[in-house]
>>> print(open('model.txt').read())   # compact mmCIF, C-alpha atoms
# COMPACT_ATOMS: atom_id res chain seq x y z
CA MET T 1 0.00 0.00 0.00
CA ILE T 2 1.44 3.37 -1.05
CA VAL T 3 0.42 6.38 1.05
CA ASP T 4 -1.27 9.23 -0.83
CA SER T 5 0.94 12.11 0.32
CA PHE T 6 -1.66 14.73 -0.60
CA ARG T 7 -4.86 13.12 0.67
CA PHE T 8 -5.52 15.69 3.39
CA LEU T 9 -3.91 18.69 1.70
CA PRO T 10 -6.09 21.39 0.09
CA ARG T 11 -5.71 21.03 -3.67
CA SER T 12 -4.43 24.59 -4.05
CA PHE T 13 -1.51 23.83 -1.65
CA ARG T 14 -0.30 20.83 -3.62
CA PRO T 15 2.00 22.72 -6.01
CA ILE T 16 3.77 24.22 -2.98
CA TYR T 17 4.96 20.75 -1.97
CA GLU T 18 4.93 18.48 -5.00
CA GLY T 19 7.79 17.65 -7.30
CA HIS T 20 10.35 20.24 -6.26
CA GLY T 21 13.21 17.83 -5.65
CA PRO T 22 15.93 18.43 -3.09
CA PHE T 23 16.88 21.82 -1.70
CA PRO T 24 20.00 23.25 -3.38
CA GLY T 25 23.06 21.65 -1.83
CA GLU T 26 20.96 18.85 -0.28
CA GLU T 27 21.08 16.38 -3.17
CA ALA T 28 23.67 13.89 -1.91
CA PRO T 29 22.79 10.92 0.29
CA VAL T 30 23.60 11.29 3.99
CA TRP T 31 23.87 8.14 6.03
CA ALA T 32 24.75 7.30 9.62
CA PRO T 33 24.48 3.51 10.03
CA PHE T 34 22.41 2.32 12.98
CA ALA T 35 25.06 -0.03 14.28
CA LYS T 36 23.79 -1.22 17.67
CA ARG T 37 20.93 -3.45 18.63
CA LEU T 38 17.75 -1.50 19.32
CA ALA T 39 17.51 -3.21 22.71
CA SER T 40 20.78 -1.59 23.76
CA SER T 41 20.19 1.79 22.10
CA ARG T 42 18.93 5.11 23.40
CA ILE T 43 16.24 6.81 21.32
CA ALA T 44 15.11 10.45 21.21
CA LEU T 45 12.00 12.05 19.70
CA LEU T 46 11.57 15.37 17.88
CA THR T 47 8.26 17.01 17.03
CA SER T 48 7.68 20.09 14.89
CA ALA T 49 4.28 20.78 16.46
CA GLY T 50 5.55 23.81 18.39
CA MET T 51 5.21 22.10 21.76
CA TYR T 52 6.37 23.88 24.91
CA LEU T 53 5.89 23.65 28.67
CA LYS T 54 3.31 26.16 29.82
CA SER T 55 4.67 26.28 33.38
CA SER T 56 8.32 27.02 32.59
CA GLN T 57 8.92 27.89 28.92
CA ALA T 58 8.01 30.73 26.59
CA SER T 59 5.67 29.92 23.76
CA PHE T 60 7.01 30.05 20.21
CA ASP T 61 6.67 33.58 18.85
CA LEU T 62 3.35 33.57 17.01
CA GLU T 63 2.83 37.30 17.33
CA ARG T 64 5.81 38.03 15.11
CA GLU T 65 4.53 35.49 12.58
CA GLN T 66 1.11 37.21 12.61
CA ASN T 67 2.87 40.46 11.73
CA ASN T 68 5.31 38.89 9.29
CA PRO T 69 3.60 35.86 7.68
CA GLU T 70 6.75 34.72 5.91
CA TRP T 71 8.66 34.31 9.19
CA GLY T 72 8.49 31.29 11.50
CA ASP T 73 10.10 31.05 14.95
CA PRO T 74 13.28 28.94 14.49
CA SER T 75 13.92 28.33 18.21
CA TRP T 76 13.49 25.00 20.01
CA ARG T 77 12.34 23.63 23.37
CA SER T 78 13.45 20.68 25.44
CA ILE T 79 10.48 18.56 26.54
CA PRO T 80 11.14 16.20 29.47
CA ALA T 81 10.09 12.62 28.73
CA ASN T 82 7.97 12.66 31.87
CA ALA T 83 6.27 16.02 31.17
CA ASN T 84 2.69 16.16 32.36
CA ALA T 85 0.22 16.27 29.44
CA THR T 86 -1.65 19.13 31.13
CA ASP T 87 1.55 21.23 31.11
CA ILE T 88 2.05 20.88 27.35
CA GLY T 89 1.15 23.86 25.17
CA VAL T 90 1.11 23.87 21.37
CA ALA T 91 2.03 27.00 19.38
CA HIS T 92 1.42 26.38 15.69
CA LEU T 93 -0.82 28.50 13.46
CA HIS T 94 -1.04 25.99 10.60
CA ILE T 95 -2.91 23.15 12.28
CA ASN T 96 -5.84 22.70 14.64
CA SER T 97 -3.90 21.72 17.76
CA SER T 98 -6.85 20.55 19.87
CA ASP T 99 -6.12 16.83 19.31
CA ILE T 100 -2.44 17.26 20.27
CA LYS T 101 -3.44 19.13 23.40
CA ALA T 102 -5.91 16.33 24.25
CA ASP T 103 -3.25 13.63 23.65
CA PRO T 104 0.32 14.93 23.11
CA GLU T 105 1.39 11.34 22.30
CA ILE T 106 0.07 11.78 18.73
CA ALA T 107 2.92 14.23 18.12
CA LEU T 108 5.52 13.21 20.71
CA PRO T 109 4.92 9.63 21.94
CA ALA T 110 7.22 9.78 24.98
CA ARG T 111 5.12 7.50 27.19
CA LEU T 112 4.68 4.96 24.45
CA LEU T 113 8.45 4.97 23.85
CA ASP T 114 8.92 4.33 27.59
CA GLN T 115 6.59 1.36 27.19
CA PHE T 116 8.82 -0.08 24.45
CA VAL T 117 11.74 0.43 26.86
CA SER T 118 9.98 -1.39 29.70
CA GLU T 119 9.26 -4.27 27.31
CA GLY T 120 12.95 -4.50 26.38
CA VAL T 121 12.40 -3.65 22.70
CA VAL T 122 14.31 -0.36 23.09
CA GLY T 123 17.28 0.04 25.45
CA SER T 124 16.34 3.46 26.81
CA ALA T 125 14.82 6.81 25.94
CA THR T 126 16.52 10.16 26.36
CA ALA T 127 15.38 12.10 29.44
CA GLU T 128 14.61 15.08 27.22
CA HIS T 129 12.92 15.15 23.82
CA LEU T 130 13.00 18.01 21.29
CA SER T 131 10.39 20.40 19.95
CA VAL T 132 10.54 22.90 17.10
CA MET T 133 7.86 24.85 15.26
CA GLY T 134 7.70 23.45 11.76
CA TYR T 135 6.56 26.48 9.80
CA GLN T 136 9.85 27.91 8.49
CA HIS T 137 8.49 28.96 5.09
CA ARG T 138 11.26 30.23 2.84
CA SER T 139 14.26 30.48 5.10
CA LEU T 140 15.91 27.58 6.88
CA GLU T 141 18.86 29.72 7.97
CA GLY T 142 17.59 30.12 11.55
CA TRP T 143 17.33 26.37 11.93
CA ARG T 144 20.67 25.74 10.27
CA ASN T 145 22.73 28.36 12.08
CA GLU T 146 21.19 28.52 15.54
CA THR T 147 18.93 25.59 16.26
CA LEU T 148 20.76 22.70 14.58
CA PRO T 149 24.05 23.00 16.54
CA GLU T 150 22.08 23.12 19.81
CA LEU T 151 19.91 20.14 18.86
CA VAL T 152 22.96 18.07 17.89
CA ALA T 153 24.80 19.06 21.10
CA THR T 154 21.77 18.09 23.17
CA LEU T 155 21.40 14.73 21.40
CA ARG T 156 25.11 14.01 21.96
CA ASP T 157 24.91 15.07 25.63
CA GLN T 158 22.04 12.66 26.08
CA GLN T 159 23.92 9.94 24.18
CA ALA T 160 21.09 9.41 21.70
CA ASP T 161 21.77 6.55 19.27
CA GLY T 162 18.89 7.51 17.00
CA LEU T 163 16.20 10.14 16.49
CA ILE T 164 12.57 9.83 15.38
CA LEU T 165 11.33 13.09 13.82
CA ALA T 166 7.67 13.81 13.15
CA PRO T 167 6.28 16.91 11.47
CA ALA T 168 3.00 18.40 12.56
CA MET Y 1 11.72 18.55 8.55
CA PRO Y 2 13.42 16.19 6.03
CA VAL Y 3 16.26 18.74 5.81
CA LEU Y 4 16.56 18.85 9.59
CA ALA Y 5 16.78 15.03 9.55
CA ARG Y 6 19.55 15.23 6.90
CA TRP Y 7 21.57 17.70 8.95
CA ILE Y 8 21.28 15.63 12.13
CA GLU Y 9 22.13 12.45 10.20
CA ALA Y 10 25.18 14.25 8.74
CA ALA Y 11 26.27 14.97 12.33
CA GLY Y 12 26.37 11.20 12.88
CA ILE Y 13 22.99 10.48 14.49
CA PRO Y 14 20.70 8.11 12.56
CA THR Y 15 17.21 9.50 11.88
CA VAL Y 16 13.79 8.46 10.64
CA VAL Y 17 11.04 10.88 9.56
CA VAL Y 18 7.45 9.83 10.27
CA THR Y 19 5.38 11.85 7.83
CA MET Y 20 2.01 12.26 6.14
CA MET Y 21 3.85 13.45 3.01
CA PRO Y 22 6.39 10.67 2.36
CA ALA Y 23 6.66 11.65 -1.33
CA VAL Y 24 7.91 15.08 -0.25
CA ALA Y 25 10.34 13.54 2.26
CA GLU Y 26 11.70 11.40 -0.59
CA ASP Y 27 12.00 14.47 -2.80
CA ARG Y 28 13.87 16.25 -0.02
CA ARG Y 29 16.18 13.23 0.35
CA ALA Y 30 15.43 12.19 3.93
CA PRO Y 31 17.57 9.17 4.87
CA ARG Y 32 14.75 6.98 6.30
CA ILE Y 33 11.02 7.55 5.92
CA VAL Y 34 7.83 6.12 7.41
CA GLY Y 35 4.70 7.23 5.52
CA VAL Y 36 1.33 7.53 7.25
CA GLU Y 37 -1.92 8.48 5.50
CA PHE Y 38 -3.09 10.59 8.43
CA PRO Y 39 -4.25 14.23 8.65
CA PHE Y 40 -1.68 16.88 9.56
CA GLY Y 41 -0.99 17.14 13.28
CA HIS Y 42 -1.53 13.39 13.76
CA ALA Y 43 1.78 11.74 12.87
CA PHE Y 44 1.32 8.93 15.42
CA GLY Y 45 -2.42 8.47 14.92
CA MET Y 46 -5.73 9.13 16.61
CA PRO Y 47 -5.79 10.71 20.08
CA GLY Y 48 -6.30 8.03 22.71
CA ASP Y 49 -5.85 5.14 20.24
CA LYS Y 50 -2.89 3.37 21.82
CA PRO Y 51 -2.89 0.33 19.49
CA MET Y 52 -2.72 2.61 16.42
CA GLN Y 53 0.01 4.80 17.97
CA ARG Y 54 1.92 1.64 18.84
CA ARG Y 55 1.89 0.43 15.24
CA VAL Y 56 3.32 3.76 14.02
CA LEU Y 57 6.05 4.04 16.64
CA GLY Y 58 6.89 0.33 16.29
CA LEU Y 59 7.35 0.73 12.53
CA ALA Y 60 9.42 3.90 13.03
CA LEU Y 61 11.76 2.04 15.40
CA GLN Y 62 12.06 -0.85 12.95
CA VAL Y 63 12.87 1.45 10.01
CA LEU Y 64 15.30 3.52 12.12
CA ALA Y 65 17.23 0.50 13.36
CA GLY Y 66 16.82 -1.89 10.43
CA SER Y 67 17.09 0.04 7.16
CA GLY Y 68 19.84 -1.14 4.86
CA ALA Y 69 20.41 1.95 2.77
CA PHE Y 70 19.79 5.65 2.29
CA GLY Y 71 16.29 6.53 1.12
CA THR Y 72 14.46 3.58 2.68
CA ARG Y 73 10.71 4.30 2.76
CA VAL Y 74 8.05 2.11 4.35
CA ASP Y 75 4.38 3.13 4.32
CA LEU Y 76 1.99 2.07 7.07
CA ASP Y 77 -1.21 0.47 5.85
CA ILE Y 78 -3.77 2.05 8.17
CA GLU Y 79 -6.83 3.85 6.84
CA TRP Y 80 -7.80 6.96 8.85
CA PRO Y 81 -10.99 5.97 10.65
CA VAL Y 82 -12.81 9.28 10.04
CA PRO Y 83 -14.66 10.15 6.80
CA LEU Y 84 -12.35 12.14 4.51
CA ARG Y 85 -14.49 15.28 4.37
CA ASP Y 86 -14.67 15.52 8.18
CA ALA Y 87 -10.98 14.71 8.71
CA TYR Y 88 -9.97 17.22 6.04
CA LYS Y 89 -11.82 20.00 7.84
CA ALA Y 90 -10.87 18.89 11.34
CA TRP Y 91 -7.09 19.24 11.01
CA GLN Y 92 -7.20 22.80 9.68
CA PRO Y 93 -6.96 25.76 12.05
CA LYS Y 94 -10.15 27.70 12.77
CA ASP Y 95 -8.49 30.88 11.50
CA ALA Y 96 -6.40 30.61 8.34
CA SER Y 97 -2.65 30.91 9.01
CA PRO Y 98 -1.08 34.34 8.41
CA ILE Y 99 0.59 33.26 5.15
CA VAL Y 100 -2.65 31.77 3.79
CA ARG Y 101 -4.53 34.96 4.71
CA LYS Y 102 -1.86 36.98 2.94
CA LEU Y 103 -2.02 34.82 -0.19
CA LEU Y 104 -5.82 34.95 -0.28
CA ALA Y 105 -5.74 38.74 0.12
CA SER Y 106 -3.38 39.01 -2.86
CA LEU Y 107 -5.73 37.15 -5.23
CA PRO Y 108 -7.78 39.26 -7.64
CA PRO Y 109 -11.44 39.51 -6.63
CA ARG Y 110 -13.75 36.94 -8.23
CA THR Y 111 -16.05 38.30 -10.89
>>> encode(input="model.txt", output="structure tokens")
Amino acid sequence: MIVDSFRFLPRSFRPIYEGHGPFPGEEAPVWAPFAKRLASSRIALLTSAGMYLKSSQASFDLEREQNNPEWGDPSWRSIPANANATDIGVAHLHINSSDIKADPEIALPARLLDQFVSEGVVGSATAEHLSVMGYQHRSLEGWRNETLPELVATLRDQQADGLILAPA
Amino acid sequence: MPVLARWIEAAGIPTVVVTMMPAVAEDRRAPRIVGVEFPFGHAFGMPGDKPMQRRVLGLALQVLAGSGAFGTRVDLDIEWPVPLRDAYKAWQPKDASPIVRKLLASLPPRT
């Protein structure tokens, strides 16, 4: 079964996404072999749903995006694996976030990953997972120059052996 | 997101992208891809549906740890259990995003 990549996309949006090929300079394969057994590996999660902790973190900057529609906040948040669902906020103007707020696992399945750990399928999960806000429109420079080095440093600090990314 | 996966992979950390647009992730040359035919905002499935979420995360782990080569794509065969018209409306924000509002405002008026 082949997934229809445009099933839920408004027809007028399709040309924005379809058939553009790689970004300039991003044509070549990149490959880091997954060398270990999953049962002795540490796994991290990354969501682009714009998740943040209401009690202790600033939201992503939606006000600036309202004023400048071609800008998206390139910053990131660290989401503890044991964060309380009621403390999770979602800042993303391009989706209806009510389902994620009701069950954050549909964007960042930290508890489910812990379950795979307790069953011995996965060795361990990182203590912190990662959140970005996926609307970056035309410029990826903020992600590349500021966010990426911090994400990689965090993943290395936490000794992640692999990362599961999911867009909103 | 596929580009972010590429950059992190290039830094030496294996990645898999779980996405509702796997054709775009292929276009953008993500190293490992799991395709789901789910509405936006629902990469791991329906809220509260643990068995469905488990199938997605289980497949993502398998593709992350077991892919043999760059560009591996595996699609998950689960049909979204909500009628298309309802699901299509449900994922979209109540107010159009700023860029969509701007694009709509720039269109010539209909005659």
>>> closest_residue(input="model.txt", among="T:Leu93, T:Leu130, T:Leu163, T:Ala107", to="Asp95 of chain Y", atoms="only C-alpha atoms")
T:Leu93
>>> residues_around(input="model.txt", residues="segment 80-85 of chain T", least_positions_apart="4", cutoff="7 Å", atoms="all atoms listed in the file", output="list in words")
Pro104, Ala110, Ala127, Glu128 and His129 of chain T
>>> residues_around(input="model.txt", residues="segment 56-60 of chain T", least_positions_apart="4", cutoff="8 Å", atoms="all atoms listed in the file", output="PyMOL selection string")
chain T and resi 50+52+73+75+77+89-91+133
>>> interface_residues(input="model.txt", of="chain Y", to="chain T", cutoff="7 Å", atoms="all atoms listed in the file", output="number ranges by chain")
Y: 1, 6, 8-10, 12-24, 27-29, 31, 35-37, 39-48, 65, 70, 75, 77, 88, 91-94, 97-99
>>> closest_residue(input="model.txt", among="T:Glu141, T:Glu150, T:Asp61, T:Asp157", to="Val3 of chain Y", atoms="all atoms listed in the file")
T:Glu141
>>> closest_residue(input="model.txt", among="T:Leu53, T:Arg64, T:Ser40, T:Arg14", to="Trp76 of chain T", atoms="all atoms listed in the file")
T:Leu53
>>> residues_around(input="model.txt", residues="Ala30 of chain Y", least_positions_apart="3", cutoff="6 Å", atoms="only C-alpha atoms", output="PyMOL selection string")
chain Y and resi 2+6+25-26
>>> closest_residue(input="model.txt", among="Y:Pro51, Y:Pro108, Y:Leu57, Y:Ala5", to="Asp114 of chain T", atoms="all atoms listed in the file")
Y:Leu57
>>> atom_distance(input="model.txt", atom1="atom CA of Ala87 of chain Y", atom2="atom CA of Phe38 of chain Y")
8.9 Å
>>> atom_distance(input="model.txt", atom1="atom CA of Ser118 of chain T", atom2="atom CA of Arg42 of chain T")
12.7 Å
>>> atom_distance(input="model.txt", atom1="atom CA of Leu59 of chain Y", atom2="atom CA of Val74 of chain Y")
8.3 Å
>>> closest_residue(input="model.txt", among="T:Ala125, T:Met51, T:Ala39, T:Val117", to="Ser78 of chain T", atoms="all atoms listed in the file")
T:Met51
